[in-house]
Every structure is written in structure tokens, then in C-alpha cells.
$ cat model_14.txt   # compact mmCIF, C-alpha atoms and all ligand atoms
# COMPACT_ATOMS: atom_id res chain seq x y z
CA MET A 281 15.06 14.63 5.93
CA LYS A 282 14.34 14.17 9.62
CA PHE A 283 10.78 13.72 10.92
CA ALA A 284 9.38 13.92 14.44
CA VAL A 285 6.45 11.69 15.37
CA ILE A 286 4.78 13.39 18.34
CA VAL A 287 3.51 10.90 20.92
CA PHE A 288 0.66 11.87 23.27
CA PRO A 289 -0.83 9.75 26.05
CA GLY A 290 -3.35 7.71 24.07
CA SER A 291 -1.70 7.95 20.63
CA ASN A 292 -1.99 4.56 18.94
CA CYS A 293 -0.87 5.14 15.35
CA ASP A 294 2.58 6.46 16.28
CA VAL A 295 4.30 3.12 15.62
CA ASP A 296 2.68 2.78 12.18
CA MET A 297 3.72 6.35 11.36
CA PHE A 298 7.30 5.64 12.48
CA HIS A 299 7.37 2.42 10.42
CA ALA A 300 6.05 4.20 7.33
CA VAL A 301 8.81 6.80 7.47
CA LYS A 302 11.71 4.62 8.57
CA ASP A 303 11.10 1.35 6.74
CA GLU A 304 8.95 2.24 3.74
CA LEU A 305 10.13 5.79 3.02
CA GLY A 306 13.70 5.29 4.26
CA GLU A 307 14.05 8.66 6.00
CA GLU A 308 15.17 9.62 9.50
CA VAL A 309 12.50 9.66 12.20
CA GLU A 310 12.33 9.98 15.99
CA TYR A 311 9.54 9.78 18.52
CA VAL A 312 9.05 13.00 20.49
CA TRP A 313 7.07 12.76 23.74
CA HIS A 314 4.38 15.43 24.15
CA ASP A 315 6.13 16.73 27.26
CA GLN A 316 9.27 17.79 25.38
CA GLU A 317 9.73 21.46 24.59
CA SER A 318 12.00 21.41 21.56
CA LEU A 319 11.82 20.27 17.95
CA GLU A 320 15.26 21.61 17.15
CA GLY A 321 16.84 19.76 14.24
CA PHE A 322 13.62 18.35 12.79
CA ASP A 323 12.55 19.13 9.24
CA GLY A 324 8.97 17.92 9.48
CA VAL A 325 6.34 17.05 12.09
CA LEU A 326 3.91 14.13 12.08
CA LEU A 327 0.96 14.11 14.48
CA PRO A 328 -0.33 10.53 14.53
CA GLY A 329 -3.80 9.16 15.11
CA GLY A 330 -5.20 7.78 18.33
CA PHE A 331 -7.14 8.88 21.37
CA SER A 332 -4.95 11.53 23.00
CA TYR A 333 -6.12 12.04 26.59
CA GLY A 334 -8.91 9.56 25.90
CA ASP A 335 -10.70 12.05 23.61
CA TYR A 336 -12.02 13.71 26.78
CA LEU A 337 -13.92 17.01 26.26
CA ARG A 338 -13.44 16.77 22.49
CA SER A 339 -10.84 14.83 20.55
CA GLY A 340 -7.61 16.85 20.48
CA ALA A 341 -8.90 19.47 22.92
CA ILE A 342 -6.47 18.57 25.72
CA ALA A 343 -3.51 17.52 23.56
CA ARG A 344 -3.36 20.96 22.05
CA PHE A 345 -2.17 22.33 25.42
CA SER A 346 0.83 19.94 25.50
CA ASN A 347 4.30 21.36 26.10
CA ILE A 348 5.39 20.43 22.58
CA MET A 349 2.61 22.33 20.82
CA PRO A 350 4.27 25.80 20.78
CA GLU A 351 7.14 24.14 18.91
CA VAL A 352 4.77 22.47 16.44
CA ILE A 353 3.23 25.89 15.85
CA ARG A 354 6.69 27.46 15.45
CA LEU A 355 7.71 24.94 12.77
CA ALA A 356 4.38 25.39 11.01
CA LYS A 357 4.92 29.16 10.95
CA GLU A 358 8.43 28.60 9.57
CA GLY A 359 6.86 26.76 6.64
CA LYS A 360 8.04 23.28 7.56
CA PRO A 361 5.72 20.38 6.66
CA VAL A 362 3.29 19.44 9.42
CA LEU A 363 0.98 16.47 8.81
CA GLY A 364 -1.81 15.57 11.21
CA VAL A 365 -3.63 12.30 10.61
CA CYS A 366 -6.99 11.60 12.22
CA ASN A 367 -6.44 12.51 15.89
CA GLY A 368 -3.50 14.56 14.58
CA PHE A 369 -5.93 16.46 12.34
CA GLN A 370 -8.24 16.99 15.32
CA ILE A 371 -5.31 18.41 17.32
CA LEU A 372 -4.38 20.79 14.47
CA LEU A 373 -7.97 22.07 14.43
CA GLU A 374 -8.02 22.55 18.20
CA ALA A 375 -4.64 24.31 18.05
CA GLY A 376 -5.96 26.74 15.43
CA LEU A 377 -3.39 25.70 12.82
CA LEU A 378 -6.28 24.66 10.58
CA PRO A 379 -9.76 26.20 10.40
CA GLY A 380 -13.01 24.46 11.32
CA ALA A 381 -13.97 21.77 13.80
CA MET A 382 -14.71 18.07 14.03
CA ARG A 383 -18.03 16.59 15.07
CA ARG A 384 -19.01 13.00 15.78
CA ASN A 385 -19.71 10.86 12.71
CA ASP A 386 -23.30 11.32 11.61
CA SER A 387 -23.88 7.59 12.27
CA LEU A 388 -22.60 8.11 15.85
CA LYS A 389 -20.54 4.98 15.22
CA PHE A 390 -16.79 4.41 14.98
CA ILE A 391 -15.96 3.57 11.35
CA CYS A 392 -12.92 1.59 10.25
CA LYS A 393 -12.53 0.59 6.61
CA PRO A 394 -10.70 1.40 3.36
CA ILE A 395 -12.17 4.40 1.58
CA ASN A 396 -11.77 6.05 -1.81
CA LEU A 397 -10.47 9.59 -1.79
CA LYS A 398 -10.26 12.08 -4.60
CA VAL A 399 -7.15 14.27 -4.75
CA ALA A 400 -8.84 17.67 -4.87
CA ASN A 401 -5.62 19.67 -5.06
CA ASN A 402 -2.37 18.14 -6.27
CA GLU A 403 -0.47 21.41 -5.96
CA THR A 404 0.64 20.95 -2.35
CA ILE A 405 3.86 19.57 -0.95
CA PHE A 406 1.83 16.57 0.27
CA THR A 407 -0.10 15.76 -2.89
CA ALA A 408 2.24 16.68 -5.73
CA GLY A 409 2.90 12.99 -6.42
CA TYR A 410 -0.74 12.36 -7.33
CA GLU A 411 -2.70 13.33 -10.42
CA GLN A 412 -5.35 16.01 -9.99
CA ASP A 413 -8.67 14.22 -9.24
CA GLU A 414 -6.89 10.88 -8.91
CA VAL A 415 -8.87 8.41 -6.81
CA ILE A 416 -6.78 6.66 -4.16
CA SER A 417 -7.59 4.10 -1.48
CA ILE A 418 -6.66 4.93 2.13
CA PRO A 419 -8.28 3.52 5.29
CA VAL A 420 -10.32 5.58 7.77
CA ALA A 421 -10.71 4.74 11.47
CA HIS A 422 -12.53 7.30 13.56
CA GLY A 423 -15.57 8.26 15.57
CA GLU A 424 -15.21 12.02 15.15
CA GLY A 425 -14.46 12.74 11.52
CA ASN A 426 -17.43 14.85 10.57
CA TYR A 427 -15.61 18.00 9.46
CA TYR A 428 -17.51 21.26 9.77
CA CYS A 429 -16.83 24.96 9.21
CA ASP A 430 -19.00 28.03 8.67
CA GLU A 431 -19.87 29.32 5.21
CA ALA A 432 -17.25 32.07 5.16
CA THR A 433 -14.52 29.60 6.10
CA LEU A 434 -15.70 27.13 3.46
CA GLN A 435 -15.54 29.88 0.88
CA GLN A 436 -11.98 30.72 1.97
CA LEU A 437 -10.98 27.05 1.77
CA LYS A 438 -12.27 26.96 -1.80
CA ASP A 439 -10.84 30.34 -2.85
CA ASN A 440 -7.37 29.41 -1.54
CA ASN A 441 -7.50 25.84 -2.87
CA GLN A 442 -7.12 24.42 0.64
CA ILE A 443 -9.27 21.32 0.19
CA ALA A 444 -6.70 18.60 -0.46
CA PHE A 445 -8.89 15.48 -0.33
CA ARG A 446 -12.58 14.68 -0.64
CA TYR A 447 -14.33 11.37 -0.10
CA ALA A 448 -14.89 9.97 -3.58
CA THR A 449 -17.47 7.20 -3.62
CA GLU A 450 -18.96 7.37 -0.14
CA ASN A 451 -18.84 9.93 2.66
CA PRO A 452 -18.28 7.83 5.82
CA ASN A 453 -18.96 10.51 8.45
CA GLY A 454 -21.19 13.26 7.02
CA SER A 455 -18.38 15.81 6.63
CA LEU A 456 -19.19 19.07 4.92
CA GLU A 457 -18.88 18.80 1.13
CA ASP A 458 -17.18 15.40 1.49
CA ILE A 459 -14.07 17.06 2.91
CA ALA A 460 -11.47 14.49 4.02
CA GLY A 461 -8.38 16.70 4.31
CA ILE A 462 -7.47 20.40 4.26
CA THR A 463 -4.33 22.49 4.31
CA ASN A 464 -3.59 25.86 5.83
CA GLU A 465 -3.45 28.83 3.48
CA ARG A 466 0.30 28.53 3.00
CA GLY A 467 -0.04 24.83 2.17
CA ASN A 468 2.56 23.46 4.59
CA VAL A 469 0.11 22.11 7.19
CA LEU A 470 -2.18 19.24 6.18
CA GLY A 471 -4.84 17.58 8.32
CA MET A 472 -6.64 14.50 7.03
CA MET A 473 -8.92 11.90 8.58
CA PRO A 474 -7.80 8.89 6.46
CA HIS A 475 -4.55 7.18 7.46
CA PRO A 476 -1.82 7.30 4.77
CA GLU A 477 0.59 5.53 7.15
CA ARG A 478 -1.68 2.47 6.96
CA ALA A 479 -1.42 2.39 3.16
CA VAL A 480 2.30 2.16 2.50
CA ASP A 481 2.63 -1.38 1.14
CA SER A 482 0.44 -3.47 -1.17
CA LEU A 483 0.51 -6.14 1.55
CA LEU A 484 -1.63 -3.74 3.59
CA GLY A 485 -4.15 -3.51 0.76
CA SER A 486 -2.85 -0.23 -0.68
CA ALA A 487 0.40 1.63 -1.13
CA ASP A 488 -1.36 4.86 -2.12
CA GLY A 489 -0.37 6.59 1.14
CA LEU A 490 3.34 6.18 0.52
CA LYS A 491 3.21 8.72 -2.32
CA MET A 492 2.25 11.38 0.18
CA PHE A 493 5.38 10.83 2.25
CA GLN A 494 7.47 10.64 -0.93
CA SER A 495 6.00 13.95 -2.12
CA ILE A 496 7.01 15.68 1.11
CA VAL A 497 10.58 14.41 0.83
CA LYS A 498 10.85 15.27 -2.87
CA GLN A 499 9.73 18.85 -2.29
CA TRP A 500 12.08 19.18 0.68
CA ARG A 501 15.06 17.86 -1.31
CA GLU A 502 14.35 20.27 -4.14
CA LYS A 503 14.57 23.13 -1.62
CA HIS A 504 17.64 21.76 0.17
CA VAL A 505 19.99 20.87 -2.68
CA VAL A 506 23.09 19.16 -1.34
CA THR A 507 26.10 20.85 -2.92
CA SER A 508 29.07 19.01 -1.39
N1 LIG B 1 -7.65 6.75 14.60
C1 LIG B 1 -7.83 7.88 15.23
O1 LIG B 1 -6.96 8.75 15.22
C2 LIG B 1 -9.07 8.07 16.02
C3 LIG B 1 -9.37 9.53 16.14
C4 LIG B 1 -10.37 9.92 17.21
N2 LIG B 1 -9.97 9.55 18.48
C5 LIG B 1 -11.74 9.51 16.80
O2 LIG B 1 -12.19 8.41 17.07
O3 LIG B 1 -12.36 10.30 16.16

$ encode --input "model_14.txt" --output "C-alpha cells" --more "lines below"
Ligand SMILES: NC(=O)CC[C@H](N)C(=O)O
Amino acid sequence: MKFAVIVFPGSNCDVDMFHAVKDELGEEVEYVWHDQESLEGFDGVLLPGGFSYGDYLRSGAIARFSNIMPEVIRLAKEGKPVLGVCNGFQILLEAGLLPGAMRRNDSLKFICKPINLKVANNETIFTAGYEQDEVISIPVAHGEGNYYCDEATLQQLKDNNQIAFRYATENPNGSLEDIAGITNERGNVLGMMPHPERAVDSLLGSADGLKMFQSIVKQWREKHVVTS
């Protein structure tokens, strides 16, 4: 399976994302600069964390106009896995691939620490490797992670089982109903504030994030059975 890590001016988790896929997961991965216009040949897209365009206006608000974004949207519409982490999640919201918006943390402070998450839906291509309601440890690092949506959208998220992760023991940013990650209705686009790519080896304090990448690959292989 071949992944693209999209790199924007100001991305700073692209190298960790690349390392997670190449060295820990053992799959193919390439960096794709935001200015490129094609994602031909890629099976999945990873939007890493960071401060694209310095978080000017709102985080993700400028990155979503990048040349590569129509291709990210095309792959998402084709049903390919698209994972946005932190700033990647913010970009997916700004691009309209996921509903809702991100506000500044209620503390108005940047928060960086390991956090407990509850797997709220293990029936997605990203979370199938976890138990339902399993509590996992993944670090957060953000200033704008306070997820918000209106009541009708929240109801839709619940009705369609689109809430993938909730903060388990503490809500670090004030997000609505402890939401830490959501999928689109089809389930192939996931945005999450915590960083699974920073939790891929016990040396890093947790390997709980690796299961997410392994789940994506497992589901993909099941769909693309090699016959020769
Ligand atoms: N680690 C990140 O991706 C940071 C996200 C974003 N720039 C924020 O502070 O909210």
C-alpha cells in the first residue's frame, strides 16, 4: 500500500508521519509537496500536523486552497483512506471533507502531553484493530483543538456513528462532548487531534497509534487480494 504525506509550508509532523509508515508500519510512502497537482498511484493520503501557513486566519484556512487539495478531495470521494492529524484535521474541516470547526483551546494555551482516548467506534477502517471502548494513550499537541459543531450536525455524527474517538479521562481543550476524532459519513476520512504517528513504539511511551496504521493496511489488503 502506498501512502502520500502531504507537506505544506509550516508542516512539522510530516517526518514523524513518514517514519511511522516507512519504518514502523513497513509500507511505501512518499512526501508530496502542497504545490503538486496529482496523487496518481497513491492508495491513501496522510495530512500531517503542524502550522501550515503559520495558522494565519484560522488553522488550515489557507492550506485548504493548496493545489493538491482537489486531488485529496478526489481520493476521498473515491473512498480511499484519508487521515488528517491535528493540523491535518483542521485542514479537512476547512476543506469541507469533515463537518464542524475548530476553536482555540478553552484554556487559550497550547497543550502538549499524552492523553487517554476512548475508541468510540471500532467499525471504521482506521479503528478496526481496537476494541470498542478501548482506552488508548496518544499524545496531543495543539492550540486549536476545541472541536465544535451545531446541534443538527452533532446529531448526524451520532446517528451515523461518525465519532471515532473521545477524550477518556480528561478533555484537554473543551471540545464538544469530548470529541477527539470524527469520520465522514462513508467512514474513509478521519480527522483527529491526537497524534498516532507519535505513538508507534513503546520507546516513545506508547505504541497504541501503530494499530491505526495497521488497521488501514489490513482493510486495504482485504479489498486488494493479490492473486498472482
Ligand atoms: N501539532 C499540530 O498540528 C498543531 C496544530 C495547530 N497548528 C494548533 O496549534 O492548533

$ residues_around --input "model_14.txt" --residues "stretch 447-462 of chain A" --least-positions-apart "4" --cutoff "8 Å" --atoms "only C-alpha atoms" --output "PyMOL selection string"
chain A and resi 378+384-387+391+395-398+415+424-429+437+442-443+470-474

$ closest_atom_pairs --input "model_14.txt" --of "chain A" --to "ligand LIG 1 (chain B)" --cutoff "6 Å" --atoms "only C-alpha atoms and all ligand atoms" --output "CSV"
residue,atom,partner,partner_atom,distance
A:Gly329,CA,B:LIG1,O1,3.2
A:Gly330,CA,B:LIG1,O1,3.7
A:Phe331,CA,B:LIG1,N2,4.1
A:Asp335,CA,B:LIG1,N2,5.8
A:Ser339,CA,B:LIG1,N2,5.7
A:Cys366,CA,B:LIG1,O1,4.1
A:Asn367,CA,B:LIG1,O1,3.9
A:Ala421,CA,B:LIG1,N1,4.8
A:His422,CA,B:LIG1,O2,3.7
A:Gly423,CA,B:LIG1,O2,3.7
A:Glu424,CA,B:LIG1,O3,3.5
A:Gly425,CA,B:LIG1,O3,5.6

$ closest_residue --input "model_14.txt" --among "A:Gln316, A:Thr407, A:Gln494, A:Ser291" --to "A:Asn468" --atoms "all atoms listed in the file"
A:Thr407

$ residues_around --input "model_14.txt" --residues "A:Asn292" --least-positions-apart "4" --cutoff "12 Å" --atoms "all atoms listed in the file" --output "compact mmCIF listing (two decimals) with C-alpha atoms, in the frame of the given file"
# COMPACT_ATOMS: atom_id res chain seq x y z
CA VAL A 285 6.45 11.69 15.37
CA ILE A 286 4.78 13.39 18.34
CA VAL A 287 3.51 10.90 20.92
CA PHE A 288 0.66 11.87 23.27
CA ASP A 296 2.68 2.78 12.18
CA MET A 297 3.72 6.35 11.36
CA PHE A 298 7.30 5.64 12.48
CA LEU A 327 0.96 14.11 14.48
CA PRO A 328 -0.33 10.53 14.53
CA GLY A 329 -3.80 9.16 15.11
CA GLY A 330 -5.20 7.78 18.33
CA PHE A 331 -7.14 8.88 21.37
CA SER A 332 -4.95 11.53 23.00
CA TYR A 333 -6.12 12.04 26.59
CA GLY A 334 -8.91 9.56 25.90
CA VAL A 365 -3.63 12.30 10.61
CA CYS A 366 -6.99 11.60 12.22
CA ASN A 367 -6.44 12.51 15.89
CA GLY A 368 -3.50 14.56 14.58
CA ALA A 421 -10.71 4.74 11.47

$ atom_distance --input "model_14.txt" --atom1 "atom CA of A:Val362" --atom2 "atom CA of A:Trp500"
12.4 Å

$ closest_residue --input "model_14.txt" --among "A:Pro476, A:Ile418, A:Glu465, A:Ala381" --to "A:Asp430" --atoms "all atoms listed in the file"
A:Ala381

$ axis_aligned_box --input "model_14.txt" --around "stretch 282-294 of chain A" --padding-each-side "6 Å" --output "lines of an AutoDock Vina configuration file"
center_x = 5.5
center_y = 9.4
center_z = 17.8
size_x = 29.7
size_y = 21.6
size_z = 28.4

$ atom_distance --input "model_14.txt" --atom1 "atom CA of A:Glu414" --atom2 "atom CA of A:Ser486"
14.4 Å

$ residues_around --input "model_14.txt" --residues "A:Ser482" --least-positions-apart "6" --cutoff "12 Å" --atoms "all atoms listed in the file" --output "count of residues only"
6

$ atom_distance --input "model_14.txt" --atom1 "atom CA of A:Ser318" --atom2 "atom CA of A:Lys282"
14.2 Å

$ closest_residue --input "model_14.txt" --among "A:Asn464, A:Gln412, A:Gln436, A:Thr404" --to "A:Ile496" --atoms "only C-alpha atoms"
A:Thr404

$ residues_around --input "model_14.txt" --residues "A:Phe493" --least-positions-apart "3" --cutoff "12 Å" --atoms "only C-alpha atoms" --output "number ranges by chain"
A: 281, 283, 297-307, 324-326, 361-363, 405-410, 470, 475-480, 487-490, 496-500

$ residues_near_point --input "model_14.txt" --point "(-3.0, 22.4, 15.7)" --cutoff "10 Å" --atoms "all atoms listed in the file" --output "list in words"
Leu327, Gly340, Ala341, Ala343, Arg344, Phe345, Met349, Pro350, Val352, Ile353, Ala356, Val362, Leu363, Gly364, Gly368, Phe369, Gln370, Ile371, Leu372, Leu373, Glu374, Ala375, Gly376, Leu377, Leu378, Pro379, Val469 and Gly471 of chain A

$ write_last_selection --input "model_14.txt" --atoms "C-alpha atoms" --output "compact mmCIF listing (two decimals), keeping the file's coordinate frame"
# COMPACT_ATOMS: atom_id res chain seq x y z
CA LEU A 327 0.96 14.11 14.48
CA GLY A 340 -7.61 16.85 20.48
CA ALA A 341 -8.90 19.47 22.92
CA ALA A 343 -3.51 17.52 23.56
CA ARG A 344 -3.36 20.96 22.05
CA PHE A 345 -2.17 22.33 25.42
CA MET A 349 2.61 22.33 20.82
CA PRO A 350 4.27 25.80 20.78
CA VAL A 352 4.77 22.47 16.44
CA ILE A 353 3.23 25.89 15.85
CA ALA A 356 4.38 25.39 11.01
CA VAL A 362 3.29 19.44 9.42
CA LEU A 363 0.98 16.47 8.81
CA GLY A 364 -1.81 15.57 11.21
CA GLY A 368 -3.50 14.56 14.58
CA PHE A 369 -5.93 16.46 12.34
CA GLN A 370 -8.24 16.99 15.32
CA ILE A 371 -5.31 18.41 17.32
CA LEU A 372 -4.38 20.79 14.47
CA LEU A 373 -7.97 22.07 14.43
CA GLU A 374 -8.02 22.55 18.20
CA ALA A 375 -4.64 24.31 18.05
CA GLY A 376 -5.96 26.74 15.43
CA LEU A 377 -3.39 25.70 12.82
CA LEU A 378 -6.28 24.66 10.58
CA PRO A 379 -9.76 26.20 10.40
CA VAL A 469 0.11 22.11 7.19
CA GLY A 471 -4.84 17.58 8.32

$ build_atoms --input "model_14.txt" --residues "stretch 306-321 of chain A" --atoms "N, CA and C atoms" --output "PDB file, in the coordinates of the input"
ATOM      1  N   GLY A 306      12.240   5.313   4.127  1.00  0.00           N
ATOM      2  CA  GLY A 306      13.700   5.290   4.260  1.00  0.00           C
ATOM      3  C   GLY A 306      14.290   6.617   4.701  1.00  0.00           C
ATOM      4  N   GLU A 307      13.530   7.381   5.495  1.00  0.00           N
ATOM      5  CA  GLU A 307      14.050   8.660   6.000  1.00  0.00           C
ATOM      6  C   GLU A 307      14.242   8.575   7.519  1.00  0.00           C
ATOM      7  N   GLU A 308      14.926   9.584   8.054  1.00  0.00           N
ATOM      8  CA  GLU A 308      15.170   9.620   9.500  1.00  0.00           C
ATOM      9  C   GLU A 308      13.897   9.981  10.252  1.00  0.00           C
ATOM     10  N   VAL A 309      13.689   9.346  11.405  1.00  0.00           N
ATOM     11  CA  VAL A 309      12.500   9.660  12.200  1.00  0.00           C
ATOM     12  C   VAL A 309      12.769   9.366  13.671  1.00  0.00           C
ATOM     13  N   GLU A 310      12.217  10.203  14.536  1.00  0.00           N
ATOM     14  CA  GLU A 310      12.330   9.980  15.990  1.00  0.00           C
ATOM     15  C   GLU A 310      10.979  10.236  16.638  1.00  0.00           C
ATOM     16  N   TYR A 311      10.707   9.476  17.706  1.00  0.00           N
ATOM     17  CA  TYR A 311       9.540   9.780  18.520  1.00  0.00           C
ATOM     18  C   TYR A 311       9.855  10.985  19.394  1.00  0.00           C
ATOM     19  N   VAL A 312       8.891  11.877  19.560  1.00  0.00           N
ATOM     20  CA  VAL A 312       9.050  13.000  20.490  1.00  0.00           C
ATOM     21  C   VAL A 312       7.851  12.984  21.435  1.00  0.00           C
ATOM     22  N   TRP A 313       8.113  12.814  22.718  1.00  0.00           N
ATOM     23  CA  TRP A 313       7.070  12.760  23.740  1.00  0.00           C
ATOM     24  C   TRP A 313       6.435  14.134  23.887  1.00  0.00           C
ATOM     25  N   HIS A 314       5.149  14.166  24.095  1.00  0.00           N
ATOM     26  CA  HIS A 314       4.380  15.430  24.150  1.00  0.00           C
ATOM     27  C   HIS A 314       4.923  16.429  25.175  1.00  0.00           C
ATOM     28  N   ASP A 315       5.647  15.912  26.157  1.00  0.00           N
ATOM     29  CA  ASP A 315       6.130  16.730  27.260  1.00  0.00           C
ATOM     30  C   ASP A 315       7.409  17.500  26.901  1.00  0.00           C
ATOM     31  N   GLN A 316       8.048  17.111  25.802  1.00  0.00           N
ATOM     32  CA  GLN A 316       9.270  17.790  25.380  1.00  0.00           C
ATOM     33  C   GLN A 316       8.942  19.214  24.947  1.00  0.00           C
ATOM     34  N   GLU A 317       9.986  20.057  24.931  1.00  0.00           N
ATOM     35  CA  GLU A 317       9.730  21.460  24.590  1.00  0.00           C
ATOM     36  C   GLU A 317      10.527  21.930  23.392  1.00  0.00           C
ATOM     37  N   SER A 318      11.195  20.986  22.705  1.00  0.00           N
ATOM     38  CA  SER A 318      12.000  21.410  21.560  1.00  0.00           C
ATOM     39  C   SER A 318      11.841  20.465  20.379  1.00  0.00           C
ATOM     40  N   LEU A 319      11.792  21.056  19.195  1.00  0.00           N
ATOM     41  CA  LEU A 319      11.820  20.270  17.950  1.00  0.00           C
ATOM     42  C   LEU A 319      13.017  20.705  17.118  1.00  0.00           C
ATOM     43  N   GLU A 320      14.041  21.152  17.816  1.00  0.00           N
ATOM     44  CA  GLU A 320      15.260  21.610  17.150  1.00  0.00           C
ATOM     45  C   GLU A 320      15.839  20.463  16.308  1.00  0.00           C
ATOM     46  N   GLY A 321      16.192  20.756  15.086  1.00  0.00           N
ATOM     47  CA  GLY A 321      16.840  19.760  14.240  1.00  0.00           C
ATOM     48  C   GLY A 321      15.883  18.920  13.402  1.00  0.00           C
TER      49      GLY A 321
END
